[in-house]
Amino acid sequence: MISRRVLIVLISAAVVLPVAICVVAGVGYLLSTMQDKAAGAVLGHVALALGILWGINLILLLVLQAVNTLSQGDHPPDRHSGE
């Protein structure tokens with residue numbers, strides 16, 4: 001069974017990383033248009049690195065969810081009916 005904390009961290013990162021990518025890329029573009037090409041290029045590379053981390057995060061999240069589902073076995077889910 002995969003730790004619940006690990007799944008929470010991966011899900012949180014999956015939500016936060018796209019926002020960080022947009023902010024970093026936007027600031028990089030802003031700096032590039034203000035004639036600071038070096039800083040714009042650096043932030044462009046940082047945004048690319050964050051995008052790669054986001055992709056790895058999503059793959060890990062998918063694999064860990066699959067492992068978590070398979071480790072539960074063939075036990076039917078408990079159903080609580082109000083009848």
# chains A, B, ... in the order shown; residues from 1 in each chain; ligands from 1

call {"tool": "residues_around", "arguments": {"residues": "range 60-63 of chain A", "least_positions_apart": "4", "cutoff": "8 Å", "atoms": "only C-alpha atoms", "output": "CSV table (one decimal) with C-alpha atoms, in the first residue's frame"}}
result
chain,number,residue,atom,x,y,z
A,7,LEU,CA,-0.1,10.6,-2.9
A,10,LEU,CA,2.1,14.2,-5.7
A,11,ILE,CA,-1.4,15.5,-6.2
A,56,ILE,CA,7.5,13.1,-14.3
A,67,VAL,CA,0.0,0.0,-7.8

call {"tool": "residues_around", "arguments": {"residues": "Val24 in chain A", "least_positions_apart": "4", "cutoff": "7 Å", "atoms": "only C-alpha atoms", "output": "list in words"}}
result
Ala20, Gly28, Leu43 and Ala47 of chain A

call {"tool": "closest_residue", "arguments": {"among": "A:Ala49, A:Ser71, A:Ala66, A:Ala39", "to": "Leu17 in chain A", "atoms": "only C-alpha atoms"}}
result
A:Ala49

call {"tool": "closest_residue", "arguments": {"among": "A:Ile8, A:Met1, A:Ala38, A:Ala25", "to": "Gly51 in chain A", "atoms": "only C-alpha atoms"}}
result
A:Ala25
